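Here's the structure we're looking at; comments come further down.
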Amino acid sequence: MKKALFIGFAALAFVGCTITPEKKASSIVEKAVKSSLYHPNSYDLIGTAVDSAFAPLDDPDFFEKTLKLYKLGLEMESCDREMKHAKSSMAIWSNSYSTFSRNEYNEAKEEYDKCVAKMESLQRKGEKLGDELKGIAEQGRNYIGWKVTHSYRAQNNAGQTLIGESIFILSPEMDEILAAYNTNDGDYENVQMMYEMMIESAEE
């Protein structure tokens with residue numbers, strides 16, 4: 001009888017001391033969130049959801065390379081506009097023979113050549129990043145740790161209470177933050193858009 005009671009109390013003590021994944025995740029991400037707030041004392045937890053994290057889409061390296069590819073795309077769009085503008089200027093001044101016209105044409109031609117060289121460089125970088133992303137994706141869906149979605153209320157620098165949401169990628173042991181993202185951040189939203197495009201392209 002005494003042995004049974006002892007085992008029962010020991011089991012209860014063990015259960016009481018066990019830290020669930022949600023609690024462990026909340027503990028580590030709360031510190032990170034509070035350290036980034038203007039008014040840490042205003043922090044109010046809404047909820048924490050814990051799920052397994054898998055490469056490639058949860059891989060921080062894959063995220064960073066996708067973001068670089070997105071920004072390269074923006075640079076290429078800007079460069080393409082500059083090329084068209086320079087080419088248009090060349091066409092305007094190509095049939096004029098005054099010194100002023102020749103100078104304008106030469107300046108436009110120089111700008112056009114610079115844009116062409118820049119576009120070629122951007123395309124090479126884009127192809128390299130594309131190959132790197134493809135290589136990561138071809139490794140398949142692999143477990144890399146934990147994906148934690150953390151929602152909270154806190155005051156911003158103007159004293160307004162807003163709802164925030166952050167996503168953290170934690171190591172398998174939940175002892176290290178591998179990456180952290182603000183879901184309202186433009187970079188995060190743009191990468192998610194790129195992911196959707198990649199998935200749609202793969203399904204075609």
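Letters A, B, ... go to the chains of the structure tokens in the order shown; residues in each chain start at 1; ligands are counted from 1 in the same order.
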Taking the DSSP secondary structure from the backbone, can you list the residues of segment 23-120 of chain A that are strand (DSSP E or B), as a ChimeraX atom specification? /A:44-55
List every residue of segment 16-66 of chain A that has an atom at most 12 Å from any atom of segment 152-163 of chain A, and for each one report the closest atom pair and its distance in Å to one decimal, counting only C-alpha atoms, with rows sorted by chain and then by increasing residue number, as JSON lines.
```
{"residue": "A:Ser26", "atom": "CA", "partner": "A:Tyr152", "partner_atom": "CA", "distance": 11.2}
{"residue": "A:Val29", "atom": "CA", "partner": "A:Tyr152", "partner_atom": "CA", "distance": 11.2}
{"residue": "A:Glu30", "atom": "CA", "partner": "A:Tyr152", "partner_atom": "CA", "distance": 9.4}
{"residue": "A:Val33", "atom": "CA", "partner": "A:Tyr152", "partner_atom": "CA", "distance": 9.1}
{"residue": "A:Lys34", "atom": "CA", "partner": "A:Ala154", "partner_atom": "CA", "distance": 9.1}
{"residue": "A:Ser36", "atom": "CA", "partner": "A:Asn156", "partner_atom": "CA", "distance": 10.5}
{"residue": "A:Leu37", "atom": "CA", "partner": "A:Asn156", "partner_atom": "CA", "distance": 7.3}
{"residue": "A:Tyr38", "atom": "CA", "partner": "A:Asn157", "partner_atom": "CA", "distance": 5.6}
{"residue": "A:His39", "atom": "CA", "partner": "A:Gln155", "partner_atom": "CA", "distance": 6.0}
{"residue": "A:Pro40", "atom": "CA", "partner": "A:Ala154", "partner_atom": "CA", "distance": 7.5}
{"residue": "A:Asn41", "atom": "CA", "partner": "A:Ala154", "partner_atom": "CA", "distance": 8.2}
{"residue": "A:Ser42", "atom": "CA", "partner": "A:Ala154", "partner_atom": "CA", "distance": 5.1}
{"residue": "A:Tyr43", "atom": "CA", "partner": "A:Ala154", "partner_atom": "CA", "distance": 4.6}
{"residue": "A:Asp44", "atom": "CA", "partner": "A:Arg153", "partner_atom": "CA", "distance": 5.0}
{"residue": "A:Leu45", "atom": "CA", "partner": "A:Tyr152", "partner_atom": "CA", "distance": 4.4}
{"residue": "A:Ile46", "atom": "CA", "partner": "A:Tyr152", "partner_atom": "CA", "distance": 4.7}
{"residue": "A:Gly47", "atom": "CA", "partner": "A:Tyr152", "partner_atom": "CA", "distance": 6.9}
{"residue": "A:Thr48", "atom": "CA", "partner": "A:Tyr152", "partner_atom": "CA", "distance": 8.8}
{"residue": "A:Ala49", "atom": "CA", "partner": "A:Tyr152", "partner_atom": "CA", "distance": 12.0}
```
For the structure I just gave you, how does DSSP split chain A - specifically, which residues are helix (DSSP H, G or I)? Reply as a short mmCIF file (atom, residue, chain, number, x, y, z; two decimals) with N, CA and C atoms, in the first residue's frame.
```
data_model
loop_
_atom_site.label_atom_id
_atom_site.label_comp_id
_atom_site.auth_asym_id
_atom_site.auth_seq_id
_atom_site.Cartn_x
_atom_site.Cartn_y
_atom_site.Cartn_z
N LYS A 2 1.89 1.26 0.91
CA LYS A 2 2.77 2.41 0.97
C LYS A 2 3.53 2.60 -0.33
N LYS A 3 3.94 1.44 -0.93
CA LYS A 3 4.69 1.51 -2.18
C LYS A 3 3.83 2.10 -3.30
N ALA A 4 2.56 1.69 -3.32
CA ALA A 4 1.64 2.19 -4.34
C ALA A 4 1.42 3.70 -4.19
N LEU A 5 1.27 4.15 -2.93
CA LEU A 5 1.09 5.58 -2.67
C LEU A 5 2.33 6.37 -3.09
N PHE A 6 3.51 5.81 -2.79
CA PHE A 6 4.76 6.47 -3.13
C PHE A 6 4.88 6.64 -4.65
N ILE A 7 4.56 5.55 -5.37
CA ILE A 7 4.62 5.60 -6.84
C ILE A 7 3.63 6.63 -7.39
N GLY A 8 2.43 6.66 -6.76
CA GLY A 8 1.43 7.61 -7.21
C GLY A 8 1.87 9.04 -7.01
N PHE A 9 2.43 9.35 -5.83
CA PHE A 9 2.91 10.71 -5.54
C PHE A 9 4.08 11.09 -6.45
N ALA A 10 4.95 10.12 -6.70
CA ALA A 10 6.10 10.37 -7.56
C ALA A 10 5.64 10.69 -8.98
N ALA A 11 4.62 9.95 -9.44
CA ALA A 11 4.10 10.19 -10.79
C ALA A 11 3.48 11.58 -10.88
N LEU A 12 2.73 11.97 -9.85
CA LEU A 12 2.12 13.31 -9.84
C LEU A 12 3.17 14.40 -9.83
N ALA A 13 4.22 14.19 -9.07
CA ALA A 13 5.30 15.17 -9.00
C ALA A 13 5.97 15.32 -10.35
N PHE A 14 6.17 14.18 -11.06
CA PHE A 14 6.82 14.21 -12.36
C PHE A 14 5.96 14.95 -13.37
N VAL A 15 4.65 14.65 -13.37
CA VAL A 15 3.73 15.31 -14.29
C VAL A 15 3.70 16.80 -14.02
N GLY A 16 3.70 17.17 -12.74
CA GLY A 16 3.63 18.59 -12.38
C GLY A 16 4.84 19.36 -12.82
N CYS A 17 6.00 18.68 -12.90
CA CYS A 17 7.24 19.36 -13.26
C CYS A 17 7.52 19.31 -14.75
N PRO A 21 5.86 21.43 -24.65
CA PRO A 21 6.51 22.17 -25.74
C PRO A 21 6.00 23.61 -25.85
N GLU A 22 4.68 23.80 -25.63
CA GLU A 22 4.11 25.14 -25.73
C GLU A 22 4.70 26.08 -24.68
N LYS A 23 4.83 25.55 -23.44
CA LYS A 23 5.39 26.38 -22.37
C LYS A 23 6.86 26.70 -22.62
N LYS A 24 7.59 25.70 -23.06
CA LYS A 24 9.01 25.90 -23.32
C LYS A 24 9.21 26.89 -24.46
N ALA A 25 8.39 26.76 -25.51
CA ALA A 25 8.49 27.67 -26.65
C ALA A 25 8.11 29.09 -26.22
N SER A 26 7.02 29.22 -25.44
CA SER A 26 6.58 30.54 -24.98
C SER A 26 7.66 31.23 -24.17
N SER A 27 8.34 30.46 -23.34
CA SER A 27 9.37 31.02 -22.49
C SER A 27 10.49 31.67 -23.29
N ILE A 28 10.94 30.99 -24.33
CA ILE A 28 12.06 31.51 -25.10
C ILE A 28 11.66 32.64 -26.04
N VAL A 29 10.45 32.54 -26.63
CA VAL A 29 10.06 33.58 -27.59
C VAL A 29 9.55 34.85 -26.89
N GLU A 30 8.97 34.69 -25.70
CA GLU A 30 8.52 35.88 -24.95
C GLU A 30 9.69 36.82 -24.67
N LYS A 31 10.81 36.27 -24.28
CA LYS A 31 11.99 37.09 -24.00
C LYS A 31 12.42 37.84 -25.25
N ALA A 32 12.40 37.14 -26.39
CA ALA A 32 12.81 37.77 -27.65
C ALA A 32 11.85 38.88 -28.05
N VAL A 33 10.55 38.63 -27.89
CA VAL A 33 9.55 39.64 -28.25
C VAL A 33 9.67 40.86 -27.36
N LYS A 34 9.76 40.65 -26.06
CA LYS A 34 9.84 41.76 -25.11
C LYS A 34 11.07 42.63 -25.36
N SER A 35 12.16 42.00 -25.74
CA SER A 35 13.40 42.76 -25.97
C SER A 35 13.29 43.69 -27.18
N PRO A 40 8.10 47.16 -23.02
CA PRO A 40 8.02 45.74 -22.65
C PRO A 40 6.98 45.43 -21.57
N ASN A 41 6.76 46.38 -20.66
CA ASN A 41 5.80 46.13 -19.58
C ASN A 41 4.36 46.07 -20.07
N SER A 42 4.13 46.56 -21.31
CA SER A 42 2.76 46.53 -21.85
C SER A 42 2.46 45.19 -22.54
N PRO A 60 15.55 28.88 -42.60
CA PRO A 60 15.96 30.31 -42.62
C PRO A 60 16.84 30.66 -43.82
N ASP A 61 17.72 29.73 -44.22
CA ASP A 61 18.59 29.98 -45.37
C ASP A 61 17.77 30.09 -46.65
N PHE A 62 16.76 29.23 -46.78
CA PHE A 62 15.87 29.27 -47.94
C PHE A 62 15.10 30.58 -47.97
N PHE A 63 14.66 31.03 -46.79
CA PHE A 63 13.95 32.30 -46.68
C PHE A 63 14.83 33.45 -47.16
N GLU A 64 16.07 33.52 -46.66
CA GLU A 64 16.97 34.62 -47.00
C GLU A 64 17.30 34.63 -48.48
N LYS A 65 17.52 33.47 -49.07
CA LYS A 65 17.83 33.40 -50.50
C LYS A 65 16.61 33.80 -51.34
N THR A 66 15.42 33.42 -50.88
CA THR A 66 14.19 33.81 -51.59
C THR A 66 14.00 35.32 -51.53
N LEU A 67 14.28 35.91 -50.37
CA LEU A 67 14.17 37.36 -50.21
C LEU A 67 15.16 38.08 -51.13
N LYS A 68 16.38 37.56 -51.22
CA LYS A 68 17.38 38.15 -52.12
C LYS A 68 16.93 38.06 -53.57
N LEU A 69 16.32 36.92 -53.92
CA LEU A 69 15.83 36.75 -55.29
C LEU A 69 14.71 37.74 -55.59
N TYR A 70 13.83 37.96 -54.62
CA TYR A 70 12.75 38.93 -54.79
C TYR A 70 13.32 40.34 -55.02
N LYS A 71 14.30 40.72 -54.20
CA LYS A 71 14.90 42.05 -54.32
C LYS A 71 15.67 42.20 -55.63
N LEU A 72 16.28 41.11 -56.08
CA LEU A 72 16.94 41.13 -57.38
C LEU A 72 15.92 41.40 -58.49
N GLY A 73 14.75 40.78 -58.36
CA GLY A 73 13.68 41.00 -59.33
C GLY A 73 13.26 42.46 -59.39
N LEU A 74 13.18 43.10 -58.23
CA LEU A 74 12.84 44.53 -58.20
C LEU A 74 13.93 45.36 -58.88
N GLU A 75 15.19 45.00 -58.62
CA GLU A 75 16.30 45.72 -59.27
C GLU A 75 16.25 45.56 -60.78
N MET A 76 15.90 44.35 -61.22
CA MET A 76 15.83 44.09 -62.66
C MET A 76 14.70 44.90 -63.31
N GLU A 77 13.57 45.02 -62.60
CA GLU A 77 12.46 45.83 -63.12
C GLU A 77 12.87 47.29 -63.25
N SER A 78 13.57 47.79 -62.23
CA SER A 78 14.04 49.18 -62.26
C SER A 78 15.06 49.38 -63.37
N CYS A 79 15.96 48.43 -63.52
CA CYS A 79 16.98 48.50 -64.56
C CYS A 79 16.34 48.46 -65.95
N ASP A 80 15.30 47.64 -66.11
CA ASP A 80 14.61 47.55 -67.39
C ASP A 80 13.95 48.88 -67.76
N ARG A 81 13.37 49.57 -66.77
CA ARG A 81 12.77 50.88 -67.03
C ARG A 81 13.83 51.89 -67.46
N GLU A 82 15.00 51.84 -66.79
CA GLU A 82 16.08 52.76 -67.13
C GLU A 82 16.60 52.48 -68.53
N MET A 83 16.67 51.21 -68.91
CA MET A 83 17.11 50.84 -70.27
C MET A 83 16.16 51.39 -71.32
N LYS A 84 14.86 51.24 -71.07
CA LYS A 84 13.87 51.72 -72.02
C LYS A 84 13.93 53.24 -72.16
N HIS A 85 14.14 53.92 -71.02
CA HIS A 85 14.22 55.37 -71.05
C HIS A 85 15.45 55.81 -71.84
N ALA A 86 16.59 55.15 -71.60
CA ALA A 86 17.82 55.50 -72.31
C ALA A 86 17.68 55.19 -73.80
N LYS A 87 17.05 54.09 -74.13
CA LYS A 87 16.86 53.72 -75.53
C LYS A 87 15.96 54.72 -76.24
N SER A 88 14.94 55.20 -75.53
CA SER A 88 14.04 56.20 -76.09
C SER A 88 14.78 57.51 -76.36
N SER A 89 15.66 57.89 -75.44
CA SER A 89 16.46 59.11 -75.61
C SER A 89 17.40 58.97 -76.79
N MET A 90 17.98 57.79 -76.95
CA MET A 90 18.86 57.55 -78.10
C MET A 90 18.11 57.73 -79.41
N ALA A 91 16.87 57.21 -79.44
CA ALA A 91 16.06 57.34 -80.67
C ALA A 91 15.74 58.80 -80.97
N ILE A 92 15.49 59.58 -79.93
CA ILE A 92 15.16 61.00 -80.12
C ILE A 92 16.33 61.77 -80.72
N TRP A 93 17.55 61.50 -80.23
CA TRP A 93 18.72 62.29 -80.64
C TRP A 93 19.53 61.65 -81.77
N THR A 99 26.17 69.47 -82.22
CA THR A 99 27.06 69.01 -81.15
C THR A 99 26.26 68.64 -79.91
N PHE A 100 25.26 69.50 -79.60
CA PHE A 100 24.42 69.24 -78.43
C PHE A 100 23.70 67.89 -78.57
N SER A 101 23.17 67.64 -79.77
CA SER A 101 22.42 66.39 -80.01
C SER A 101 23.32 65.18 -79.89
N ARG A 102 24.53 65.30 -80.46
CA ARG A 102 25.47 64.17 -80.37
C ARG A 102 25.84 63.88 -78.92
N ASN A 103 26.03 64.95 -78.15
CA ASN A 103 26.35 64.78 -76.73
C ASN A 103 25.21 64.08 -75.98
N GLU A 104 23.98 64.52 -76.28
CA GLU A 104 22.80 63.91 -75.65
C GLU A 104 22.69 62.43 -76.02
N TYR A 105 22.94 62.16 -77.32
CA TYR A 105 22.87 60.77 -77.78
C TYR A 105 23.94 59.92 -77.09
N ASN A 106 25.16 60.46 -77.02
CA ASN A 106 26.26 59.71 -76.40
C ASN A 106 25.99 59.45 -74.92
N GLU A 107 25.41 60.43 -74.23
CA GLU A 107 25.08 60.24 -72.81
C GLU A 107 24.02 59.15 -72.64
N ALA A 108 23.01 59.19 -73.52
CA ALA A 108 21.95 58.18 -73.47
C ALA A 108 22.51 56.80 -73.79
N LYS A 109 23.43 56.74 -74.77
CA LYS A 109 24.04 55.46 -75.16
C LYS A 109 24.90 54.92 -74.02
N GLU A 110 25.63 55.79 -73.35
CA GLU A 110 26.45 55.37 -72.22
C GLU A 110 25.57 54.83 -71.09
N GLU A 111 24.45 55.51 -70.83
CA GLU A 111 23.53 55.06 -69.79
C GLU A 111 22.91 53.72 -70.17
N TYR A 112 22.58 53.57 -71.44
CA TYR A 112 21.99 52.31 -71.93
C TYR A 112 22.97 51.16 -71.76
N ASP A 113 24.23 51.38 -72.12
CA ASP A 113 25.25 50.34 -72.02
C ASP A 113 25.47 49.93 -70.55
N LYS A 114 25.43 50.93 -69.65
CA LYS A 114 25.57 50.64 -68.23
C LYS A 114 24.42 49.76 -67.75
N CYS A 115 23.22 50.10 -68.21
CA CYS A 115 22.04 49.33 -67.81
C CYS A 115 22.11 47.90 -68.33
N VAL A 116 22.59 47.74 -69.57
CA VAL A 116 22.72 46.41 -70.15
C VAL A 116 23.69 45.57 -69.33
N ALA A 117 24.83 46.16 -68.97
CA ALA A 117 25.83 45.44 -68.17
C ALA A 117 25.27 45.09 -66.80
N LYS A 118 24.53 46.04 -66.19
CA LYS A 118 23.94 45.79 -64.88
C LYS A 118 22.90 44.69 -64.97
N MET A 119 22.08 44.70 -66.01
CA MET A 119 21.04 43.69 -66.18
C MET A 119 21.65 42.31 -66.33
N GLU A 120 22.73 42.22 -67.09
CA GLU A 120 23.40 40.93 -67.27
C GLU A 120 23.96 40.41 -65.95
N SER A 121 24.50 41.33 -65.14
CA SER A 121 25.03 40.95 -63.82
C SER A 121 23.90 40.47 -62.91
N LEU A 122 22.78 41.19 -62.92
CA LEU A 122 21.63 40.80 -62.10
C LEU A 122 21.07 39.45 -62.53
N GLN A 123 21.03 39.23 -63.83
CA GLN A 123 20.52 37.95 -64.32
C GLN A 123 21.41 36.79 -63.88
N ARG A 124 22.73 37.01 -63.90
CA ARG A 124 23.65 35.95 -63.44
C ARG A 124 23.43 35.66 -61.96
N LYS A 125 23.27 36.73 -61.16
CA LYS A 125 23.02 36.54 -59.73
C LYS A 125 21.69 35.82 -59.51
N GLY A 126 20.69 36.20 -60.31
CA GLY A 126 19.38 35.57 -60.17
C GLY A 126 19.42 34.09 -60.52
N GLU A 127 20.16 33.75 -61.58
CA GLU A 127 20.29 32.36 -61.97
C GLU A 127 21.01 31.54 -60.90
N LYS A 128 22.05 32.15 -60.30
CA LYS A 128 22.79 31.47 -59.24
C LYS A 128 21.90 31.22 -58.03
N LEU A 129 21.14 32.25 -57.62
CA LEU A 129 20.23 32.08 -56.48
C LEU A 129 19.15 31.06 -56.79
N GLY A 130 18.65 31.09 -58.02
CA GLY A 130 17.63 30.13 -58.43
C GLY A 130 18.15 28.70 -58.33
N ASP A 131 19.40 28.50 -58.76
CA ASP A 131 20.01 27.16 -58.67
C ASP A 131 20.18 26.74 -57.21
N GLU A 132 20.57 27.69 -56.34
CA GLU A 132 20.75 27.38 -54.92
C GLU A 132 19.41 26.99 -54.28
N LEU A 133 18.36 27.73 -54.61
CA LEU A 133 17.04 27.42 -54.07
C LEU A 133 16.56 26.07 -54.58
N LYS A 134 16.82 25.80 -55.85
CA LYS A 134 16.41 24.51 -56.43
C LYS A 134 17.14 23.38 -55.73
N GLY A 135 18.44 23.58 -55.44
CA GLY A 135 19.21 22.55 -54.76
C GLY A 135 18.68 22.25 -53.37
N ILE A 136 18.28 23.31 -52.64
CA ILE A 136 17.71 23.11 -51.31
C ILE A 136 16.37 22.38 -51.40
N ALA A 137 15.54 22.80 -52.36
CA ALA A 137 14.21 22.20 -52.52
C ALA A 137 14.31 20.73 -52.91
N GLU A 138 15.32 20.39 -53.71
CA GLU A 138 15.46 19.00 -54.16
C GLU A 138 15.87 18.05 -53.04
N GLY A 186 7.01 43.77 -44.45
CA GLY A 186 6.91 43.66 -45.91
C GLY A 186 7.77 42.55 -46.47
N ASP A 187 8.98 42.39 -45.95
CA ASP A 187 9.86 41.33 -46.46
C ASP A 187 9.24 39.95 -46.24
N TYR A 188 8.65 39.74 -45.05
CA TYR A 188 8.03 38.45 -44.77
C TYR A 188 6.87 38.19 -45.74
N GLU A 189 6.04 39.20 -45.97
CA GLU A 189 4.90 39.04 -46.86
C GLU A 189 5.36 38.77 -48.29
N ASN A 190 6.43 39.45 -48.73
CA ASN A 190 6.93 39.24 -50.09
C ASN A 190 7.49 37.85 -50.28
N VAL A 191 8.16 37.32 -49.26
CA VAL A 191 8.69 35.97 -49.35
C VAL A 191 7.56 34.95 -49.41
N GLN A 192 6.51 35.16 -48.61
CA GLN A 192 5.36 34.25 -48.67
C GLN A 192 4.72 34.27 -50.05
N MET A 193 4.68 35.44 -50.67
CA MET A 193 4.15 35.55 -52.04
C MET A 193 5.02 34.74 -53.00
N MET A 194 6.35 34.84 -52.83
CA MET A 194 7.27 34.08 -53.67
C MET A 194 7.07 32.58 -53.46
N TYR A 195 6.86 32.17 -52.21
CA TYR A 195 6.62 30.75 -51.93
C TYR A 195 5.38 30.25 -52.67
N GLU A 196 4.32 31.05 -52.64
CA GLU A 196 3.09 30.68 -53.32
C GLU A 196 3.32 30.51 -54.82
N MET A 197 4.12 31.42 -55.39
CA MET A 197 4.44 31.33 -56.82
C MET A 197 5.25 30.07 -57.11
N MET A 198 6.20 29.75 -56.23
CA MET A 198 7.01 28.54 -56.41
C MET A 198 6.14 27.28 -56.37
N ILE A 199 5.23 27.24 -55.39
CA ILE A 199 4.35 26.08 -55.24
C ILE A 199 3.45 25.92 -56.46
N GLU A 200 2.87 27.03 -56.93
CA GLU A 200 2.01 26.99 -58.10
C GLU A 200 2.78 26.53 -59.34
N SER A 201 4.02 27.03 -59.47
CA SER A 201 4.85 26.65 -60.60
C SER A 201 5.19 25.16 -60.57
N ALA A 202 5.46 24.63 -59.37
CA ALA A 202 5.81 23.22 -59.21
C ALA A 202 4.62 22.31 -59.51
N GLU A 203 3.41 22.82 -59.27
CA GLU A 203 2.20 22.00 -59.47
C GLU A 203 1.74 22.00 -60.91
#
```
Nearest-residue call for Gln139 of chain A, choices A:Ser52, A:Asp59, A:Glu204, A:Ile169, using only C-alpha atoms: A:Asp59
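Atom pair atom CA of Asn182 of chain A / atom CA of Ser151 of chain A has a distance of 10.3 Å (rounded to one decimal).
Going from atom CA of Asp51 of chain A over to atom CA of Asp185 of chain A, you cover 21.4 Å.
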